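J.: The structure under discussion is supplied below as structure tokens; questions concerning it will follow.
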Amino acid sequence: MNVLDTRNHSFHPALSPLSPTNDPWDPIRSLRQYGRHRLTSVEMTVTNLCNMRCEHCAVGDSLVLAEPDKIPLADMLRRLDEVEHLETISITGGEPTFSGRTVSDYMVPLLQYARSRGIRSQINSNVTLPYSRYEQLAPYLDVMHISFNYTSAEDFHAIGFAKSGHSVSLEAASKLYDRMIDNARRLSEAGVLVSAESMINYRTYDKIDEIHRLIVEMGCRRHEVHPMYPSSFAKDLPVITKEQMRGAVEKLLDNRDKDVWMLFGTLPFYHCSDDAEERALLGRLARESNVTVRNDPDGRNRLNVNLFTGDVFVTDFSDVPAFGNIAESGLDELFNRWLDHPLAQGVNCHCPAASCCGPNLLVKDMYYKDENFLMRSAKLE
Ligand code: SF4
């Protein structure tokens with residue numbers, strides 16, 4: 001199959017399938033290809049509205065009940081078109097599909113743009129709204145990324161509406177839970193790669209294998225696992241130790257369905273660690289089939305654009321203020337500006353033999369505040 005490229009009106013061959021050996025969101029790819037970090041991925045925040053209020057929500061502080069108009073889609077498309085090495089776009093919120101008009105007027109055209117240019121797309125959604133919302137997106141979408149941290153509707157009720165400020169009945173939550181599972185199944189059947197993300201936290205670390213089993217039953221082709229780092233909205237949640245995190249990862253590896261791609265990200269473990277057990281776990285992760293550890297994209301190959309203001313951030317949930325606006329600058333220029341930022345410089349290490357390009361900013365801040373990663377290097381056994 002060939003795909004029309006609207007930029008130069010040429011045809012290019014169909015993309016190779018997303019797989020453990022082909023993950024264009026991993027910044028190590030572009031680092032290897034270009035010898036330096038390049039902007040290959042743009043994430044767009046299209047709403048701060050959401051029908052849920054999860055206790056762990058990374059952007060919970062930004063959620064609102066009403067919101068202003070967005071910047072014109074044409075302005076965003078023009079800035080995307082200028083990004084020379086663009087390989088992926090992501091659309092996030094809130095719940096991006098909360099408004100039907102956002103779906104039809106922004107999301108569908110952005111996904112169509114991605115298809116026409118031959119780049120990959122992802123939406124971050126809770127998939128609890130009627131299937132008709134997602135059905136419009138499915139023909140153009142590569143990855144539907146959902147959160148799944150539950151073993152039952154009761155868990156979903158307790159976690160998903162923890163901060164709603166008004167009581168939501170178990171019955172109402174159960175309907176959404178069933179719809180989420182049904183929608184995920186239908187999207188999988190429609191050919192979308194449904195990737196369910198679980199966080200390792202105080203609720204999930206000792207039942208992560210059970211959560212994995214339900215994710216497999218839902219038809220998800222990928223299970224993405226990240227430790228939870230309490231952001232400002234979730235700062236009151238209990239923190240688990242690195243040993244408990246390591247135990248949860250081992251438990252998953254011991255009990256997983258080997259046909260499902262396991263993608264780990266933002267782990268607080270590095271090959272340069274003095275802790276032999278942490279290095280041993282990384283060694284095991286590297287050896288296992290259908291398992292990948294993704295380097296952190298935020299600020300390495302990706303920027304976030306807020307579609308209400310045009311402001312550009314390193315991620316949608318960071319405390320780092322915006323460092324530019326698409327009304328004034330192109331995204332490649334803003335990315336290069338970010339790379340010179342002292343925060344970016346502080347995590348800009350690279351150990352090619354370990355396929356590692358440094359820690360996530362939040363992880364460094366939490367566990368390695370005084371470490372100079374530029375002086376460390378991988379210890380490979
Ligand atoms: S790239 Fe940085 S974090 Fe990764 S192993 Fe090397 S020094 Fe450690």
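Lettering and numbering for the structure tokens are positional, with chains as A, B, ... in the shown order, residues counted from 1 in each chain, and ligands counted from 1 in the shown order.
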Write out as a list in words all residues of range 115-155 of chain A that DSSP puts in strand (DSSP E or B) for this structure's backbone.

T.: Arg120, Ser121, Gln122, Ile123, Asn124, Val143, Met144, His145, Ile146 and Ser147 of chain A

J.: Around ligand 1, at most 8 Å away and counting only C-alpha atoms and all ligand atoms, which residues are there? Put them as a PyMOL selection string, please.

T.: chain A and resi 270-273+347-352+354-359+373-379

J.: Residues of range 110-220 of chain A that have any atom at most 10 Å from an atom of range 95-100 of chain A: could you tabulate them with the shortest-distance atom pair and the distance in Å to one decimal, using only C-alpha atoms, ordered by chain and increasing number, as CSV?

T.:
```
residue,atom,partner,partner_atom,distance
A:Ile123,CA,A:Pro96,CA,7.8
A:Asn124,CA,A:Pro96,CA,7.4
A:Ser125,CA,A:Glu95,CA,5.6
A:Asn126,CA,A:Glu95,CA,6.6
A:Val127,CA,A:Glu95,CA,8.4
A:Thr128,CA,A:Glu95,CA,9.3
A:Leu129,CA,A:Phe98,CA,7.7
A:Pro130,CA,A:Thr97,CA,9.8
A:Ser132,CA,A:Gly100,CA,9.6
A:Arg133,CA,A:Thr97,CA,6.5
A:Tyr134,CA,A:Thr97,CA,7.7
A:Leu137,CA,A:Thr97,CA,9.7
```

J.: Might you pull out every residue within 12 Å of Glu278 in chain A, with only C-alpha atoms counted and same-chain residues fewer than 5 positions away left off, and present them as a ChimeraX atom specification?

T.: /A:242-247,249-250,267-273,283-285,379-380

J.: Restricting the output to N, CA and C atoms, write the selected residues as a compact mmCIF listing (two decimals), in the first residue's frame.

T.:
```txt
# COMPACT_ATOMS: atom_id res chain seq x y z
N LYS A 242 11.84 1.52 45.89
CA LYS A 242 12.38 0.99 44.63
C LYS A 242 12.39 -0.54 44.66
N GLU A 243 12.56 -1.13 45.85
CA GLU A 243 12.56 -2.60 45.97
C GLU A 243 11.18 -3.15 45.64
N GLN A 244 10.14 -2.46 46.12
CA GLN A 244 8.77 -2.91 45.80
C GLN A 244 8.51 -2.79 44.29
N MET A 245 9.04 -1.73 43.68
CA MET A 245 8.89 -1.59 42.22
C MET A 245 9.58 -2.73 41.49
N ARG A 246 10.79 -3.02 41.96
CA ARG A 246 11.55 -4.09 41.30
C ARG A 246 10.81 -5.42 41.44
N GLY A 247 10.25 -5.66 42.63
CA GLY A 247 9.49 -6.89 42.87
C GLY A 247 8.30 -6.98 41.94
N VAL A 249 7.97 -5.64 38.94
CA VAL A 249 8.43 -5.91 37.57
C VAL A 249 8.78 -7.40 37.43
N GLU A 250 9.46 -7.95 38.45
CA GLU A 250 9.82 -9.38 38.41
C GLU A 250 8.56 -10.25 38.38
N LEU A 267 11.49 3.80 34.22
CA LEU A 267 11.98 3.03 35.37
C LEU A 267 13.07 3.84 36.09
N PRO A 268 13.16 3.70 37.41
CA PRO A 268 14.20 4.46 38.14
C PRO A 268 15.51 3.69 38.22
N PHE A 269 15.70 2.71 37.32
CA PHE A 269 16.90 1.86 37.35
C PHE A 269 17.74 2.13 36.10
N TYR A 270 19.04 2.16 36.29
CA TYR A 270 19.94 2.44 35.15
C TYR A 270 21.12 1.48 35.18
N HIS A 271 21.67 1.25 34.02
CA HIS A 271 22.83 0.35 33.92
C HIS A 271 24.07 0.92 34.61
N CYS A 272 24.04 2.20 34.96
CA CYS A 272 25.19 2.80 35.67
C CYS A 272 25.02 2.69 37.18
N SER A 273 23.96 1.99 37.64
CA SER A 273 23.69 1.91 39.08
C SER A 273 24.77 1.09 39.81
N GLY A 283 19.19 -6.36 32.98
CA GLY A 283 19.72 -7.42 32.12
C GLY A 283 18.62 -8.40 31.73
N ARG A 284 17.80 -8.76 32.72
CA ARG A 284 16.70 -9.69 32.43
C ARG A 284 15.72 -9.07 31.44
N LEU A 285 15.38 -7.79 31.65
CA LEU A 285 14.44 -7.11 30.75
C LEU A 285 14.98 -7.11 29.31
N LYS A 379 27.53 -0.02 33.52
CA LYS A 379 28.42 -1.13 33.89
C LYS A 379 27.77 -2.39 33.35
N LEU A 380 28.27 -2.82 32.23
CA LEU A 380 27.63 -3.99 31.61
C LEU A 380 28.42 -5.25 31.96
```

J.: Using only C-alpha atoms, determine which residues lie at most 10 Å from Ile208 in chain A, disregarding the query and same-chain residues fewer than 4 positions distant; provide the list as a ChimeraX atom specification.

T.: /A:149-151,198-201,203-204,212-213,225,248-249,251-252,255-256

J.: With N, CA and C atoms retained, export the selected residues as a short mmCIF file (atom, residue, chain, number, x, y, z; two decimals), in the first residue's frame.

T.:
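The result, written out as part_35.cif:
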```cif
data_model
loop_
_atom_site.label_atom_id
_atom_site.label_comp_id
_atom_site.auth_asym_id
_atom_site.auth_seq_id
_atom_site.Cartn_x
_atom_site.Cartn_y
_atom_site.Cartn_z
N ASN A 149 -5.63 0.09 35.67
CA ASN A 149 -4.98 -0.18 36.97
C ASN A 149 -5.92 -0.95 37.89
N TYR A 150 -6.76 -1.77 37.30
CA TYR A 150 -7.88 -2.29 38.08
C TYR A 150 -7.93 -3.82 38.04
N THR A 151 -8.56 -4.40 39.06
CA THR A 151 -8.89 -5.82 38.98
C THR A 151 -10.40 -6.02 39.02
N SER A 198 -0.39 0.49 32.87
CA SER A 198 -0.61 0.37 34.32
C SER A 198 0.51 1.08 35.03
N MET A 199 0.16 1.66 36.15
CA MET A 199 1.20 2.28 36.96
C MET A 199 1.52 1.37 38.12
N ILE A 200 2.80 1.27 38.41
CA ILE A 200 3.16 0.53 39.62
C ILE A 200 3.07 1.53 40.76
N ASN A 201 2.11 1.32 41.65
CA ASN A 201 1.99 2.21 42.80
C ASN A 201 1.50 1.41 44.01
N ARG A 203 -1.27 0.82 45.18
CA ARG A 203 -2.47 -0.02 44.99
C ARG A 203 -2.18 -1.24 44.13
N THR A 204 -1.27 -1.08 43.16
CA THR A 204 -1.14 -2.10 42.11
C THR A 204 0.06 -3.03 42.26
N HIS A 212 -2.54 -7.51 34.60
CA HIS A 212 -2.03 -7.92 33.28
C HIS A 212 -2.98 -8.94 32.63
N ARG A 213 -3.46 -9.88 33.43
CA ARG A 213 -4.35 -10.92 32.88
C ARG A 213 -5.62 -10.29 32.29
N VAL A 225 3.99 -0.37 31.19
CA VAL A 225 4.09 -0.31 32.66
C VAL A 225 5.08 0.76 33.08
N ALA A 248 7.62 -5.85 41.71
CA ALA A 248 6.44 -5.86 40.83
C ALA A 248 6.85 -6.18 39.39
N VAL A 249 7.97 -5.64 38.94
CA VAL A 249 8.43 -5.91 37.57
C VAL A 249 8.78 -7.40 37.43
N LYS A 251 7.58 -9.87 39.18
CA LYS A 251 6.32 -10.63 39.25
C LYS A 251 5.63 -10.65 37.87
N LEU A 252 5.67 -9.50 37.20
CA LEU A 252 5.06 -9.42 35.87
C LEU A 252 5.81 -10.31 34.88
N ASN A 255 4.95 -13.89 35.28
CA ASN A 255 3.56 -14.35 35.06
C ASN A 255 2.93 -13.85 33.78
N ARG A 256 3.66 -13.11 32.95
CA ARG A 256 3.06 -12.44 31.79
C ARG A 256 2.68 -13.42 30.68
#
```

J.: Please, what distance in Å, to one decimal, runs between CA of Asn304 in chain A and CA of Asp75 in chain A?

T.: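 These atoms are spaced 15.0 Å apart.
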
J.: Let me make sure I understand: among A:Arg32, A:Lys70, A:His341, A:Arg53, which one has the smallest atom-to-atom distance to Gly310 in chain A if we use only C-alpha atoms?

T.: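 Nearest candidate to Gly310 in chain A out of A:Arg32, A:Lys70, A:His341, A:Arg53: A:Lys70.
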
J.: Under the rule that only C-alpha atoms are counted, which of A:Gly191, A:Gly35, A:Pro24, A:Gly165 is the nearest residue to Ile119 in chain A?

T.: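 Looking only at the distances to Ile119 in chain A, the closest residue turns out to be A:Pro24.
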
J.: As JSON, numbers by chain, please: all residues of range 93-285 of chain A that backbone DSSP puts in helix (DSSP H, G or I).

T.: {"A": [100, 101, 102, 103, 104, 105, 106, 107, 108, 109, 110, 111, 112, 113, 114, 115, 116, 117, 131, 132, 133, 134, 135, 138, 139, 140, 153, 154, 155, 156, 157, 158, 159, 160, 170, 171, 172, 173, 174, 175, 176, 177, 178, 179, 180, 181, 182, 183, 184, 185, 186, 187, 188, 189, 208, 209, 210, 211, 212, 213, 214, 215, 216, 217, 232, 233, 234, 242, 243, 244, 245, 246, 247, 248, 249, 250, 251, 252, 253, 254, 255, 276, 277, 278, 279, 280, 281, 282, 283, 284, 285]}

J.: Extract, using only C-alpha atoms, all DNA, RNA and protein residues at most 8 Å from Val42 in chain A, discarding same-chain residues fewer than 5 positions from it, and format them as a PDB file with C-alpha atoms, in the first residue's frame.

T.:
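This went into around31.pdb:
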```pdb
ATOM      1  CA  LEU A  80       3.702  20.289  12.241  1.00  0.00           C
ATOM      2  CA  LEU A  86       8.509  14.238  12.404  1.00  0.00           C
ATOM      3  CA  THR A  88       4.860  10.521  15.478  1.00  0.00           C
ATOM      4  CA  ILE A  89       2.100  12.681  16.909  1.00  0.00           C
ATOM      5  CA  SER A  90       0.168  12.129  20.141  1.00  0.00           C
ATOM      6  CA  ARG A 302       9.144  15.142  21.896  1.00  0.00           C
ATOM      7  CA  LEU A 303       7.550  18.445  22.860  1.00  0.00           C
ATOM      8  CA  ASN A 304       4.022  19.208  24.042  1.00  0.00           C
ATOM      9  CA  VAL A 305       1.871  21.953  22.504  1.00  0.00           C
TER      10      VAL A 305
END
```

J.: Write out as a short mmCIF file (atom, residue, chain, number, x, y, z; two decimals) with C-alpha atoms, in the first residue's frame each polymer residue whose atoms come within 12 Å of Leu39 in chain A, counting only C-alpha atoms; drop sequence neighbours fewer than 5 positions from it.

T.:
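The result, written out as selection-v1.cif:
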```cif
data_model
loop_
_atom_site.label_atom_id
_atom_site.label_comp_id
_atom_site.auth_asym_id
_atom_site.auth_seq_id
_atom_site.Cartn_x
_atom_site.Cartn_y
_atom_site.Cartn_z
CA PRO A 24 9.31 5.37 16.87
CA TRP A 25 8.40 6.99 20.21
CA ASP A 26 11.74 5.80 21.69
CA PRO A 27 14.26 8.69 21.44
CA ILE A 28 17.18 6.27 21.17
CA ARG A 29 16.18 5.68 17.53
CA SER A 30 16.60 9.26 16.40
CA LEU A 31 19.68 9.70 18.59
CA TYR A 34 21.20 11.61 13.67
CA LEU A 80 3.70 20.29 12.24
CA GLU A 82 7.64 22.40 9.24
CA VAL A 83 9.04 19.71 11.55
CA GLU A 84 11.66 18.15 9.37
CA HIS A 85 12.01 14.73 11.01
CA LEU A 86 8.51 14.24 12.40
CA GLU A 87 7.70 10.54 12.93
CA THR A 88 4.86 10.52 15.48
CA ILE A 89 2.10 12.68 16.91
CA PRO A 297 10.67 10.81 25.07
CA ASP A 298 9.88 14.01 27.00
CA GLY A 299 12.30 16.68 25.83
CA ARG A 300 14.46 14.10 24.01
CA ASN A 301 12.48 13.66 20.83
CA ARG A 302 9.14 15.14 21.90
CA LEU A 303 7.55 18.45 22.86
CA ASN A 304 4.02 19.21 24.04
CA VAL A 314 8.63 19.74 27.67
CA GLY A 330 8.78 26.87 14.77
CA LEU A 331 8.90 23.63 16.74
CA ASP A 332 12.39 22.58 15.59
CA GLU A 333 13.74 25.92 16.78
CA LEU A 334 11.96 25.59 20.14
CA PHE A 335 13.29 22.05 20.53
CA ASN A 336 16.86 23.24 19.98
CA ARG A 337 16.23 25.96 22.54
CA TRP A 338 15.10 23.33 25.06
CA LEU A 339 18.21 21.19 24.46
#
```

J.: Counting only C-alpha atoms, what is within 12 Å of Thr102 in chain A, bar same-chain residues fewer than 5 positions away, as a PyMOL selection string?

T.: chain A and resi 45-49+67+69-73+91-97+107-110+133+136-137+307-308

J.: What's the separation between CA of Ile240 in chain A and CA of Tyr202 in chain A, in Å to one decimal place?

T.: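 Atom-to-atom, CA of Ile240 in chain A to CA of Tyr202 in chain A, that is 5.9 Å.
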